[in-house]
file structure_7.pdb (PDB, C-alpha atoms and all ligand atoms)
MODEL        1
ATOM      1  CA  MET A  89      83.131 123.532 107.761
ATOM      2  CA  ASN A  90      86.714 122.882 106.617
ATOM      3  CA  GLY A  91      87.371 121.281 103.248
ATOM      4  CA  ILE A  92      90.628 119.324 103.507
ATOM      5  CA  PHE A  93      91.754 118.542  99.960
ATOM      6  CA  TYR A  94      94.646 116.155  99.479
ATOM      7  CA  PHE A  95      96.726 114.340  96.931
ATOM      8  CA  SER A  96      98.774 111.381  98.127
ATOM      9  CA  SER A  97     100.634 108.457  96.604
ATOM     10  CA  THR A  98     101.850 106.561  99.649
ATOM     11  CA  GLY A  99      99.792 108.090 102.444
ATOM     12  CA  ASN A 100     102.042 110.810 103.894
ATOM     13  CA  SER A 101      99.726 113.615 102.792
ATOM     14  CA  LEU A 102      96.700 111.571 103.802
ATOM     15  CA  PHE A 103      98.193 111.181 107.275
ATOM     16  CA  ILE A 104      98.522 114.967 107.547
ATOM     17  CA  ALA A 105      94.979 115.465 106.237
ATOM     18  CA  GLU A 106      93.682 113.045 108.865
ATOM     19  CA  GLN A 107      95.566 114.853 111.640
ATOM     20  CA  ILE A 108      94.068 118.170 110.523
ATOM     21  CA  LYS A 109      90.581 116.646 110.458
ATOM     22  CA  ALA A 110      91.108 115.183 113.944
ATOM     23  CA  GLU A 111      92.093 118.604 115.340
ATOM     24  CA  LEU A 112      89.971 121.041 113.355
ATOM     25  CA  GLY A 113      87.158 118.924 111.906
ATOM     26  CA  GLY A 114      86.001 118.992 108.308
ATOM     27  CA  GLU A 115      85.698 116.778 105.287
ATOM     28  CA  ILE A 116      88.644 115.106 103.576
ATOM     29  CA  ARG A 117      88.396 115.197  99.770
ATOM     30  CA  TYR A 118      90.724 113.468  97.294
ATOM     31  CA  ILE A 119      91.743 116.061  94.694
ATOM     32  CA  PRO A 120      91.798 113.849  91.540
ATOM     33  CA  LYS A 121      88.192 112.750  92.113
ATOM     34  CA  PHE A 122      86.725 116.057  93.291
ATOM     35  CA  THR A 123      84.123 117.494  90.925
ATOM     36  CA  GLY A 124      82.155 119.727  93.324
ATOM     37  CA  ASP A 125      82.451 123.370  94.304
ATOM     38  CA  VAL A 126      85.167 124.220  96.853
ATOM     39  CA  ASN A 127      83.053 127.176  97.969
ATOM     40  CA  VAL A 128      80.750 124.955 100.010
ATOM     41  CA  TYR A 129      83.530 125.032 102.608
ATOM     42  CA  ASP A 130      84.369 127.917 104.984
ATOM     43  CA  LYS A 131      88.103 127.223 104.964
ATOM     44  CA  ILE A 132      89.964 125.405 102.207
ATOM     45  CA  ILE A 133      93.015 123.410 103.256
ATOM     46  CA  ILE A 134      95.184 121.728 100.616
ATOM     47  CA  VAL A 135      97.631 118.996 101.646
ATOM     48  CA  SER A 136     100.132 117.957  99.015
ATOM     49  CA  PRO A 137     103.531 116.343  98.588
ATOM     50  CA  ILE A 138     106.290 118.333  96.949
ATOM     51  CA  HIS A 139     107.203 116.847  93.574
ATOM     52  CA  SER A 140     110.512 117.896  92.136
ATOM     53  CA  TYR A 141     110.794 121.163  94.112
ATOM     54  CA  GLY A 142     107.270 122.231  93.201
ATOM     55  CA  LEU A 143     103.664 121.092  93.138
ATOM     56  CA  PRO A 144     102.497 117.772  91.681
ATOM     57  CA  THR A 145     100.764 118.281  88.329
ATOM     58  CA  LEU A 146      97.282 117.419  89.608
ATOM     59  CA  VAL A 147      97.563 119.795  92.580
ATOM     60  CA  TYR A 148      98.918 122.566  90.378
ATOM     61  CA  ASP A 149      95.963 122.159  88.000
ATOM     62  CA  PHE A 150      93.465 122.010  90.875
ATOM     63  CA  ILE A 151      94.736 125.315  92.305
ATOM     64  CA  ALA A 152      95.077 126.990  88.913
ATOM     65  CA  ASN A 153      91.402 126.210  88.172
ATOM     66  CA  MET A 154      90.040 127.248  91.568
ATOM     67  CA  LYS A 155      87.683 130.207  91.812
ATOM     68  CA  SER A 156      87.213 131.144  95.420
ATOM     69  CA  ALA A 157      87.593 133.965  97.915
ATOM     70  CA  LYS A 158      87.544 131.559 100.874
ATOM     71  CA  PRO A 159      90.631 131.521 103.107
ATOM     72  CA  LEU A 160      93.074 129.011 101.696
ATOM     73  CA  TYR A 161      95.843 127.198 103.605
ATOM     74  CA  ILE A 162      98.402 124.921 102.009
ATOM     75  CA  VAL A 163     100.376 122.245 103.840
ATOM     76  CA  LEU A 164     103.170 120.754 101.761
ATOM     77  CA  ASN A 165     105.275 117.777 102.777
ATOM     78  CA  CYS A 166     108.504 116.404 101.433
ATOM     79  CA  GLY A 167     111.494 114.215 102.081
ATOM     80  CA  GLY A 168     113.813 117.081 103.007
ATOM     81  CA  LEU A 169     114.406 119.321 100.002
ATOM     82  CA  GLN A 170     111.607 121.850  99.692
ATOM     83  CA  ALA A 171     113.668 124.335  97.641
ATOM     84  CA  ASN A 172     111.282 127.056  96.390
ATOM     85  CA  ALA A 173     108.159 124.875  96.385
ATOM     86  CA  PRO A 174     106.384 127.012  99.037
ATOM     87  CA  TYR A 175     107.000 130.122  96.969
ATOM     88  CA  PHE A 176     105.766 128.426  93.766
ATOM     89  CA  ALA A 177     102.575 127.392  95.554
ATOM     90  CA  TYR A 178     102.085 130.812  97.145
ATOM     91  CA  GLN A 179     102.674 132.646  93.881
ATOM     92  CA  LEU A 180     100.344 130.339  91.954
ATOM     93  CA  CYS A 181      97.573 131.140  94.461
ATOM     94  CA  LYS A 182      98.269 134.881  94.161
ATOM     95  CA  ASP A 183      98.296 134.700  90.356
ATOM     96  CA  THR A 184      95.015 132.768  90.439
ATOM     97  CA  GLY A 185      93.450 135.456  92.651
ATOM     98  CA  LEU A 186      92.941 133.172  95.648
ATOM     99  CA  ASN A 187      92.831 134.248  99.282
ATOM    100  CA  ILE A 188      96.010 132.415 100.291
ATOM    101  CA  ARG A 189      96.717 132.707 104.017
ATOM    102  CA  SER A 190      99.682 130.392 104.503
ATOM    103  CA  VAL A 191     101.925 127.783 102.915
ATOM    104  CA  GLN A 192     103.643 125.521 105.428
ATOM    105  CA  VAL A 193     105.958 122.531 105.039
ATOM    106  CA  VAL A 194     106.279 119.320 107.070
ATOM    107  CA  MET A 195     109.034 116.709 106.650
ATOM    108  CA  MET A 196     107.941 113.139 105.927
ATOM    109  CA  PRO A 197     109.665 109.995 104.626
ATOM    110  CA  GLU A 198     111.092 110.392 101.119
ATOM    111  CA  ILE A 199     109.334 108.333  98.437
ATOM    112  CA  TYR A 200     111.300 109.330  95.356
ATOM    113  CA  THR A 201     113.413 106.235  95.805
ATOM    114  CA  LEU A 202     113.677 104.841  92.283
ATOM    115  CA  THR A 203     117.455 105.009  92.251
ATOM    116  CA  PHE A 204     118.430 105.035  95.932
ATOM    117  CA  SER A 205     117.084 103.538  99.153
ATOM    118  CA  GLN A 206     115.934 105.608 102.081
ATOM    119  CA  PRO A 207     117.551 104.134 105.238
ATOM    120  CA  LYS A 208     114.993 102.589 107.618
ATOM    121  CA  PHE A 209     116.160 104.783 110.514
ATOM    122  CA  ALA A 210     115.439 107.917 108.458
ATOM    123  CA  ILE A 211     111.910 106.706 107.707
ATOM    124  CA  LYS A 212     111.304 105.898 111.374
ATOM    125  CA  SER A 213     112.728 109.199 112.522
ATOM    126  CA  ALA A 214     110.577 111.223 110.082
ATOM    127  CA  LEU A 215     107.437 109.345 111.149
ATOM    128  CA  ARG A 216     108.250 109.826 114.831
ATOM    129  CA  LYS A 217     108.741 113.586 114.442
ATOM    130  CA  ALA A 218     105.760 114.220 112.152
ATOM    131  CA  PRO A 219     102.936 114.474 114.749
ATOM    132  CA  GLU A 220     104.857 117.052 116.803
ATOM    133  CA  SER A 221     105.877 119.090 113.779
ATOM    134  CA  LEU A 222     102.215 119.286 112.786
ATOM    135  CA  ILE A 223     101.141 120.976 116.029
ATOM    136  CA  PRO A 224     102.211 124.541 115.069
ATOM    137  CA  VAL A 225     101.125 123.970 111.470
ATOM    138  CA  ILE A 226      97.582 123.055 112.505
ATOM    139  CA  ALA A 227      97.530 125.875 115.094
ATOM    140  CA  ALA A 228      98.417 128.412 112.385
ATOM    141  CA  ILE A 229      95.454 127.228 110.318
ATOM    142  CA  ARG A 230      93.121 127.255 113.313
ATOM    143  CA  ASP A 231      94.228 130.787 114.272
ATOM    144  CA  ASP A 232      94.144 132.009 110.658
ATOM    145  CA  LYS A 233      97.751 133.134 110.945
ATOM    146  CA  GLU A 234      98.884 134.830 107.748
ATOM    147  CA  ILE A 235     102.270 133.626 106.514
ATOM    148  CA  ILE A 236     103.638 135.527 103.534
ATOM    149  CA  ILE A 237     106.268 133.663 101.554
ATOM    150  CA  PRO A 238     108.963 136.075 100.408
ATOM    151  CA  LYS A 239     110.329 135.939  96.861
ATOM    152  CA  PRO A 240     113.245 133.496  97.000
ATOM    153  CA  LYS A 241     116.793 134.041  95.890
ATOM    154  CA  LYS A 242     117.960 132.187  92.778
ATOM    155  CA  ASP A 243     118.784 128.538  93.419
ATOM    156  CA  ARG A 244     119.764 125.589  91.276
ATOM    157  CA  TRP A 245     116.549 123.623  91.923
ATOM    158  CA  THR A 246     113.953 126.006  90.523
ATOM    159  CA  SER A 247     114.884 125.428  86.899
ATOM    160  CA  LYS A 248     115.037 121.672  87.604
ATOM    161  CA  HIS A 249     111.384 121.720  88.618
ATOM    162  CA  LEU A 250     110.323 123.090  85.259
ATOM    163  CA  GLU A 251     112.737 120.813  83.385
ATOM    164  CA  ASN A 252     111.511 117.688  85.220
ATOM    165  CA  ARG A 253     107.847 118.593  84.723
ATOM    166  CA  GLU A 254     108.415 118.461  80.966
ATOM    167  CA  LYS A 255     109.488 114.801  81.265
ATOM    168  CA  TRP A 256     107.088 113.467  83.915
ATOM    169  CA  HIS A 257     104.465 112.167  81.509
ATOM    170  CA  MET A 258     107.013 109.643  80.205
ATOM    171  CA  LEU A 259     108.267 108.355  83.561
ATOM    172  CA  ALA A 260     106.134 105.211  83.638
ATOM    173  CA  THR A 261     107.419 104.163  80.223
ATOM    174  CA  HIS A 262     110.624 103.318  82.128
ATOM    175  CA  PHE A 263     108.748 100.868  84.351
ATOM    176  CA  ASN A 264     108.972  97.141  83.706
ATOM    177  CA  ILE A 265     106.761  94.409  85.108
ATOM    178  CA  THR A 266     108.589  91.411  86.548
ATOM    179  CA  GLU A 267     107.504  87.771  86.643
ATOM    180  CA  ASP A 268     106.211  88.399  90.201
ATOM    181  CA  CYS A 269     103.109  90.131  88.822
ATOM    182  CA  THR A 270      99.947  88.225  89.777
ATOM    183  CA  ASP A 271      97.694  90.213  87.440
ATOM    184  CA  CYS A 272      95.711  91.598  90.401
ATOM    185  CA  GLN A 273      95.239  94.874  88.483
ATOM    186  CA  LYS A 274      95.528  97.014  91.605
ATOM    187  CA  CYS A 275      97.936  99.313  89.773
ATOM    188  CA  ILE A 276      95.243  99.994  87.159
ATOM    189  CA  ARG A 277      92.738 100.863  89.884
ATOM    190  CA  ILE A 278      94.986 103.216  91.868
ATOM    191  CA  CYS A 279      96.644 105.212  89.087
ATOM    192  CA  PRO A 280      95.157 108.704  89.503
ATOM    193  CA  VAL A 281      95.220 109.436  85.772
ATOM    194  CA  GLY A 282      94.294 106.090  84.193
ATOM    195  CA  ASN A 283      97.771 105.662  82.731
ATOM    196  CA  ILE A 284      97.933 101.887  83.308
ATOM    197  CA  LYS A 285      96.086  99.392  81.128
ATOM    198  CA  ARG A 286      95.992  95.674  80.429
ATOM    199  CA  GLU A 287      96.566  94.601  76.864
ATOM    200  CA  ASN A 288      97.261  91.099  75.568
ATOM    201  CA  GLU A 289      97.274  89.861  79.176
ATOM    202  CA  ARG A 290     100.028  92.280  80.087
ATOM    203  CA  ILE A 291     100.168  95.443  82.196
ATOM    204  CA  ILE A 292     101.226  98.387  80.065
ATOM    205  CA  PHE A 293     101.965 102.021  80.860
ATOM    206  CA  GLY A 294     100.915 104.966  78.738
ATOM    207  CA  ASP A 295     102.479 108.381  78.256
ATOM    208  CA  GLN A 296     100.170 110.346  80.574
ATOM    209  CA  CYS A 297     102.053 109.608  83.814
ATOM    210  CA  VAL A 298     102.152 112.269  86.536
ATOM    211  CA  ALA A 299     105.135 110.594  88.241
ATOM    212  CA  CYS A 300     103.302 109.994  91.506
ATOM    213  CA  LEU A 301     104.876 106.540  92.076
ATOM    214  CA  SER A 302     101.671 105.107  93.589
ATOM    215  CA  CYS A 303     101.858 102.033  91.387
ATOM    216  CA  TYR A 304     105.551 101.545  92.084
ATOM    217  CA  HIS A 305     105.205 101.636  95.879
ATOM    218  CA  ARG A 306     101.820  99.996  96.274
ATOM    219  CA  CYS A 307     102.061  96.971  93.973
ATOM    220  CA  PRO A 308     101.665  94.117  96.507
ATOM    221  CA  GLU A 309     104.282  92.014  94.713
ATOM    222  CA  LYS A 310     106.847  94.798  94.154
ATOM    223  CA  ALA A 311     106.573  93.706  90.547
ATOM    224  CA  ILE A 312     106.879  97.215  89.090
ATOM    225  CA  VAL A 313     110.545  98.076  88.697
ATOM    226  CA  TYR A 314     112.278 101.151  87.323
ATOM    227  CA  LYS A 315     114.658 100.609  84.394
ATOM    228  CA  ASN A 316     114.893  96.921  85.375
ATOM    229  CA  ARG A 317     116.477  97.718  88.747
ATOM    230  CA  ARG A 318     115.530  94.888  91.094
ATOM    231  CA  LYS A 319     115.313  97.057  94.225
ATOM    232  CA  LYS A 320     112.855  95.740  96.794
ATOM    233  CA  ASP A 321     112.323  98.707  99.113
ATOM    234  CA  ARG A 322     108.834 100.130  98.876
ATOM    235  CA  TYR A 323     106.987 102.460 101.230
ATOM    236  CA  ILE A 324     103.416 102.935 102.436
ATOM    237  CA  ASN A 325     102.810 105.219 105.416
ATOM    238  CA  PRO A 326     102.140 102.836 108.327
ATOM    239  CA  LEU A 327     100.016 105.380 110.233
ATOM    240  CA  ILE A 328      97.108 105.325 107.772
ATOM    241  CA  GLN A 329      94.944 102.632 106.184
ATOM    242  CA  GLU A 330      96.194 102.113 102.678
ATOM    243  CA  THR A 331      92.652 101.609 101.385
ATOM    244  CA  ASN A 332      91.890 105.200 102.409
ATOM    245  CA  ILE A 333      94.423 106.609  99.929
ATOM    246  CA  GLY A 334      92.316 108.026  97.133
ATOM    247  CA  ALA A 335      89.116 108.089  99.198
ATOM    248  CA  ASP A 336      87.098 110.915 100.736
ATOM    249  CA  GLN A 337      86.386 110.948 104.469
ATOM    250  CA  LEU A 338      83.197 112.921 105.094
TER     251      LEU A 338
HETATM  252  C1  LIG A 401     107.905 112.632  91.608
HETATM  253  C2  LIG A 401     108.329 112.953  93.002
HETATM  254  C3  LIG A 401     109.153 114.030  93.222
HETATM  255  C4  LIG A 401     109.549 114.363  94.513
HETATM  256  N1  LIG A 401     110.329 115.467  94.695
HETATM  257  C5  LIG A 401     110.698 115.815  95.946
HETATM  258  C6  LIG A 401     111.491 117.002  96.155
HETATM  259  O1  LIG A 401     111.750 117.784  95.235
HETATM  260  N2  LIG A 401     111.919 117.276  97.411
HETATM  261  C7  LIG A 401     111.618 116.445  98.461
HETATM  262  O2  LIG A 401     112.068 116.711  99.566
HETATM  263  N3  LIG A 401     110.836 115.333  98.317
HETATM  264  C8  LIG A 401     110.366 115.015  97.079
HETATM  265  N4  LIG A 401     109.565 113.909  96.894
HETATM  266  C9  LIG A 401     109.159 113.151  98.076
HETATM  267  C10 LIG A 401     107.733 113.457  98.547
HETATM  268  O3  LIG A 401     107.471 114.841  98.542
HETATM  269  C11 LIG A 401     107.494 112.959  99.971
HETATM  270  O4  LIG A 401     107.975 111.676 100.157
HETATM  271  C12 LIG A 401     106.013 113.045 100.344
HETATM  272  O5  LIG A 401     105.901 112.932 101.732
HETATM  273  C13 LIG A 401     105.160 111.975  99.666
HETATM  274  O6  LIG A 401     103.815 112.168 100.076
HETATM  275  P1  LIG A 401     102.612 111.198  99.664
HETATM  276  O7  LIG A 401     102.850 109.864 100.321
HETATM  277  O8  LIG A 401     101.412 111.864 100.243
HETATM  278  O9  LIG A 401     102.568 111.142  98.191
HETATM  279  C14 LIG A 401     109.127 113.562  95.619
HETATM  280  C15 LIG A 401     108.293 112.470  95.390
HETATM  281  C16 LIG A 401     107.872 112.162  94.103
HETATM  282  C17 LIG A 401     106.968 110.989  93.890
HETATM  283  S1  LIG A 402      99.630  95.775  91.091
HETATM  284 FE1  LIG A 402     101.510  94.641  90.718
HETATM  285  S2  LIG A 402     100.902  92.474  90.800
HETATM  286 FE2  LIG A 402      99.015  93.672  90.527
HETATM  287  S3  LIG A 402      98.738  93.755  88.284
HETATM  288 FE3  LIG A 402      99.883  95.596  88.859
HETATM  289  S4  LIG A 402     102.026  94.997  88.570
HETATM  290 FE4  LIG A 402     100.840  93.098  88.644
HETATM  291  S1  LIG A 403     101.589 105.218  86.007
HETATM  292 FE1  LIG A 403     102.155 104.938  88.158
HETATM  293  S2  LIG A 403     103.544 106.677  88.581
HETATM  294 FE2  LIG A 403     102.433 107.166  86.674
HETATM  295  S3  LIG A 403     100.650 108.341  87.322
HETATM  296 FE3  LIG A 403      99.991 106.195  87.229
HETATM  297  S4  LIG A 403     100.284 105.417  89.323
HETATM  298 FE4  LIG A 403     101.444 107.357  89.148
ENDMDL
END

call {"tool": "encode", "arguments": {"input": "structure_7.pdb", "output": "structure tokens", "more": "lines below"}}
Ligand SMILES: Cc1cc2nc3c(=O)[nH]c(=O)nc-3n(C[C@H](O)[C@H](O)[C@H](O)COP(=O)(O)O)c2cc1C
Ligand code: SF4
Ligand code: SF4
result
Amino acid sequence: MNGIFYFSSTGNSLFIAEQIKAELGGEIRYIPKFTGDVNVYDKIIIVSPIHSYGLPTLVYDFIANMKSAKPLYIVLNCGGLQANAPYFAYQLCKDTGLNIRSVQVVMMPEIYTLTFSQPKFAIKSALRKAPESLIPVIAAIRDDKEIIIPKPKKDRWTSKHLENREKWHMLATHFNITEDCTDCQKCIRICPVGNIKRENERIIFGDQCVACLSCYHRCPEKAIVYKNRRKKDRYINPLIQETNIGADQL
């Protein structure tokens, strides 16, 4: 059976995981909550967003701690700038001694929108193209096609990935809560690392953020703002059920 492991803040990676399950079968497992043994699965498929030209912290740690000889396939997705993320992922798997077969990338709507707004037409266009762009990606997994990622040339993004990673844990300390907060505490429940708490009747952010932006996008009142910017655009993938983000599908 396939084990389809995913991390997802706003549902783009979950959408891909669900498409893979629909075509190839298997169990969908949410990486931050997984405590079992990946080796119960015949094929291991990891679906992850690209964060700052590389892997999100929790996905990086999951791969770095994996011990398995099972065929491994990675499907990354991003808003348009993959830079050397596929190579980082491939190399991490090689360094960890894993049986990496392919790293593929699919374009999805951009969610790193703290300081700019993604135009609606771009979101629509990415969502419209996604199912078709997944066809060859899923076929390559089904057919066990090996895709070797060559060592990349130097670029200006690679060093940025490492630089940004150093600062991620502090990102949420730049969030403010507006008067629109209804104290529903959803943000506390969905944070994948328990970085949000309630103290003195107020929502507060700690310094263990992994910069996933789940809380920012999924607060029902849009009450979490970045550096007091009063932007109102938020995104949740409309092709999945939001309540499934963070859940397994067995
Ligand atoms: C912290 C952070 C960093 C990101 N960095 C990149 C990036 O370097 N290049 C890119 O194209 N998209 C980047 N994105 C956008 C996501 O990769 C993209 O929107 C993805 O589809 C989100 O998937 P999800 O809904 O499953 O979390 C970033 C998003 C976040 C939250
Ligand atoms: S999810 Fe939004 S409205 Fe609910 S407690 Fe958090 S900040 Fe307040
Ligand atoms: S505080 Fe928000 S952005 Fe940071 S890890 Fe938690 S949910 Fe993600």

call {"tool": "residues_near_ligand", "arguments": {"input": "structure_7.pdb", "ligand": "ligand LIG 402 (chain A)", "cutoff": "6 Å", "atoms": "all atoms listed in the file", "output": "list in words"}}
result
Ile265, Cys269, Thr270, Asp271, Cys272, Gln273, Lys274, Cys275, Cys307, Pro308, Glu309, Ala311 and Ile312 of chain A

call {"tool": "atom_distance", "arguments": {"input": "structure_7.pdb", "atom1": "CA of Lys248 (chain A)", "atom2": "CA of Ser101 (chain A)"}}
result
23.0 Å

call {"tool": "residues_near_ligand", "arguments": {"input": "structure_7.pdb", "ligand": "ligand LIG 401 (chain A)", "cutoff": "9 Å", "atoms": "all atoms listed in the file", "output": "PyMOL selection string"}}
result
chain A and resi 94-104+135-144+164-171+173+194-201+245+249+252+256+298-302+323-325+333

call {"tool": "write_last_selection", "arguments": {"input": "structure_7.pdb", "atoms": "C-alpha atoms", "output": "PDB file, in the coordinates of the input"}}
result
ATOM      1  CA  TYR A  94      94.646 116.155  99.479  1.00  0.00           C
ATOM      2  CA  PHE A  95      96.726 114.340  96.931  1.00  0.00           C
ATOM      3  CA  SER A  96      98.774 111.381  98.127  1.00  0.00           C
ATOM      4  CA  SER A  97     100.634 108.457  96.604  1.00  0.00           C
ATOM      5  CA  THR A  98     101.850 106.561  99.649  1.00  0.00           C
ATOM      6  CA  GLY A  99      99.792 108.090 102.444  1.00  0.00           C
ATOM      7  CA  ASN A 100     102.042 110.810 103.894  1.00  0.00           C
ATOM      8  CA  SER A 101      99.726 113.615 102.792  1.00  0.00           C
ATOM      9  CA  LEU A 102      96.700 111.571 103.802  1.00  0.00           C
ATOM     10  CA  PHE A 103      98.193 111.181 107.275  1.00  0.00           C
ATOM     11  CA  ILE A 104      98.522 114.967 107.547  1.00  0.00           C
ATOM     12  CA  VAL A 135      97.631 118.996 101.646  1.00  0.00           C
ATOM     13  CA  SER A 136     100.132 117.957  99.015  1.00  0.00           C
ATOM     14  CA  PRO A 137     103.531 116.343  98.588  1.00  0.00           C
ATOM     15  CA  ILE A 138     106.290 118.333  96.949  1.00  0.00           C
ATOM     16  CA  HIS A 139     107.203 116.847  93.574  1.00  0.00           C
ATOM     17  CA  SER A 140     110.512 117.896  92.136  1.00  0.00           C
ATOM     18  CA  TYR A 141     110.794 121.163  94.112  1.00  0.00           C
ATOM     19  CA  GLY A 142     107.270 122.231  93.201  1.00  0.00           C
ATOM     20  CA  LEU A 143     103.664 121.092  93.138  1.00  0.00           C
ATOM     21  CA  PRO A 144     102.497 117.772  91.681  1.00  0.00           C
ATOM     22  CA  LEU A 164     103.170 120.754 101.761  1.00  0.00           C
ATOM     23  CA  ASN A 165     105.275 117.777 102.777  1.00  0.00           C
ATOM     24  CA  CYS A 166     108.504 116.404 101.433  1.00  0.00           C
ATOM     25  CA  GLY A 167     111.494 114.215 102.081  1.00  0.00           C
ATOM     26  CA  GLY A 168     113.813 117.081 103.007  1.00  0.00           C
ATOM     27  CA  LEU A 169     114.406 119.321 100.002  1.00  0.00           C
ATOM     28  CA  GLN A 170     111.607 121.850  99.692  1.00  0.00           C
ATOM     29  CA  ALA A 171     113.668 124.335  97.641  1.00  0.00           C
ATOM     30  CA  ALA A 173     108.159 124.875  96.385  1.00  0.00           C
ATOM     31  CA  VAL A 194     106.279 119.320 107.070  1.00  0.00           C
ATOM     32  CA  MET A 195     109.034 116.709 106.650  1.00  0.00           C
ATOM     33  CA  MET A 196     107.941 113.139 105.927  1.00  0.00           C
ATOM     34  CA  PRO A 197     109.665 109.995 104.626  1.00  0.00           C
ATOM     35  CA  GLU A 198     111.092 110.392 101.119  1.00  0.00           C
ATOM     36  CA  ILE A 199     109.334 108.333  98.437  1.00  0.00           C
ATOM     37  CA  TYR A 200     111.300 109.330  95.356  1.00  0.00           C
ATOM     38  CA  THR A 201     113.413 106.235  95.805  1.00  0.00           C
ATOM     39  CA  TRP A 245     116.549 123.623  91.923  1.00  0.00           C
ATOM     40  CA  HIS A 249     111.384 121.720  88.618  1.00  0.00           C
ATOM     41  CA  ASN A 252     111.511 117.688  85.220  1.00  0.00           C
ATOM     42  CA  TRP A 256     107.088 113.467  83.915  1.00  0.00           C
ATOM     43  CA  VAL A 298     102.152 112.269  86.536  1.00  0.00           C
ATOM     44  CA  ALA A 299     105.135 110.594  88.241  1.00  0.00           C
ATOM     45  CA  CYS A 300     103.302 109.994  91.506  1.00  0.00           C
ATOM     46  CA  LEU A 301     104.876 106.540  92.076  1.00  0.00           C
ATOM     47  CA  SER A 302     101.671 105.107  93.589  1.00  0.00           C
ATOM     48  CA  TYR A 323     106.987 102.460 101.230  1.00  0.00           C
ATOM     49  CA  ILE A 324     103.416 102.935 102.436  1.00  0.00           C
ATOM     50  CA  ASN A 325     102.810 105.219 105.416  1.00  0.00           C
ATOM     51  CA  ILE A 333      94.423 106.609  99.929  1.00  0.00           C
TER      52      ILE A 333
END

call {"tool": "atom_distance", "arguments": {"input": "structure_7.pdb", "atom1": "CA of His257 (chain A)", "atom2": "CA of Leu146 (chain A)"}}
result
12.0 Å

call {"tool": "residues_near_ligand", "arguments": {"input": "structure_7.pdb", "ligand": "ligand LIG 403 (chain A)", "cutoff": "9 Å", "atoms": "all atoms listed in the file", "output": "ChimeraX atom specification"}}
result
/A:97,256-261,263,275-284,293-306

call {"tool": "atom_distance", "arguments": {"input": "structure_7.pdb", "atom1": "CA of Val126 (chain A)", "atom2": "CA of Phe93 (chain A)"}}
result
9.2 Å

call {"tool": "resolve_selection", "arguments": {"input": "structure_7.pdb", "expression": "the PyMOL selection byres (((chain A and resi 316) around 12) and not hetatm)", "output": "ChimeraX atom specification"}}
result
/A:202-203,261-267,311-315,317-320

call {"tool": "resolve_selection", "arguments": {"input": "structure_7.pdb", "expression": "the PyMOL selection byres (((chain A and resi 111) around 10) and not hetatm)", "output": "number ranges by chain"}}
result
A: 106-110, 112-114, 223, 226-227, 230

call {"tool": "resolve_selection", "arguments": {"input": "structure_7.pdb", "expression": "the PyMOL selection byres (((chain A and resi 118) around 7) and not hetatm)", "output": "ChimeraX atom specification"}}
result
/A:93-95,116-117,119-122,334-336

call {"tool": "closest_residue", "arguments": {"input": "structure_7.pdb", "among": "A:Phe209, A:Met89, A:Phe176, A:Ile235", "to": "Leu250 (chain A)", "atoms": "only C-alpha atoms"}}
result
A:Phe176

call {"tool": "residues_around", "arguments": {"input": "structure_7.pdb", "residues": "region 183-187 of chain A", "least_positions_apart": "3", "cutoff": "8 Å", "atoms": "only C-alpha atoms", "output": "number ranges by chain"}}
result
A: 151-160, 179-180

call {"tool": "axis_aligned_box", "arguments": {"input": "structure_7.pdb", "around": "region 243-258 of chain A", "padding_each_side": "8 Å", "output": "lines of an AutoDock Vina configuration file"}}
result
center_x = 112.1
center_y = 119.1
center_z = 86.8
size_x = 31.3
size_y = 34.9
size_z = 29.2

call {"tool": "closest_residue", "arguments": {"input": "structure_7.pdb", "among": "A:Thr123, A:Tyr129, A:Ser205, A:Pro174", "to": "Ile92 (chain A)", "atoms": "all atoms listed in the file"}}
result
A:Tyr129

call {"tool": "build_atoms", "arguments": {"input": "structure_7.pdb", "residues": "region 193-201 of chain A", "atoms": "N, CA and C atoms", "output": "mmCIF file, in the frame of the given file"}}
result
data_model
loop_
_atom_site.group_PDB
_atom_site.id
_atom_site.type_symbol
_atom_site.label_atom_id
_atom_site.label_comp_id
_atom_site.auth_asym_id
_atom_site.auth_seq_id
_atom_site.Cartn_x
_atom_site.Cartn_y
_atom_site.Cartn_z
ATOM 1 N N VAL A 193 105.308 123.770 105.501
ATOM 2 C CA VAL A 193 105.958 122.531 105.039
ATOM 3 C C VAL A 193 106.272 121.626 106.225
ATOM 4 N N VAL A 194 105.995 120.338 106.051
ATOM 5 C CA VAL A 194 106.279 119.320 107.070
ATOM 6 C C VAL A 194 107.184 118.268 106.425
ATOM 7 N N MET A 195 108.153 117.761 107.177
ATOM 8 C CA MET A 195 109.034 116.709 106.650
ATOM 9 C C MET A 195 108.411 115.329 106.880
ATOM 10 N N MET A 196 108.490 114.509 105.847
ATOM 11 C CA MET A 196 107.941 113.139 105.927
ATOM 12 C C MET A 196 108.945 112.204 105.244
ATOM 13 N N PRO A 197 108.742 110.891 105.328
ATOM 14 C CA PRO A 197 109.665 109.995 104.626
ATOM 15 C C PRO A 197 109.689 110.263 103.116
ATOM 16 N N GLU A 198 110.874 110.167 102.567
ATOM 17 C CA GLU A 198 111.092 110.392 101.119
ATOM 18 C C GLU A 198 110.569 109.201 100.324
ATOM 19 N N ILE A 199 109.807 109.461 99.264
ATOM 20 C CA ILE A 199 109.334 108.333 98.437
ATOM 21 C C ILE A 199 109.897 108.347 97.016
ATOM 22 N N TYR A 200 110.698 109.364 96.697
ATOM 23 C CA TYR A 200 111.300 109.330 95.356
ATOM 24 C C TYR A 200 112.554 108.460 95.423
ATOM 25 N N THR A 201 112.323 107.161 95.509
ATOM 26 C CA THR A 201 113.413 106.235 95.805
ATOM 27 C C THR A 201 113.621 105.244 94.652
#
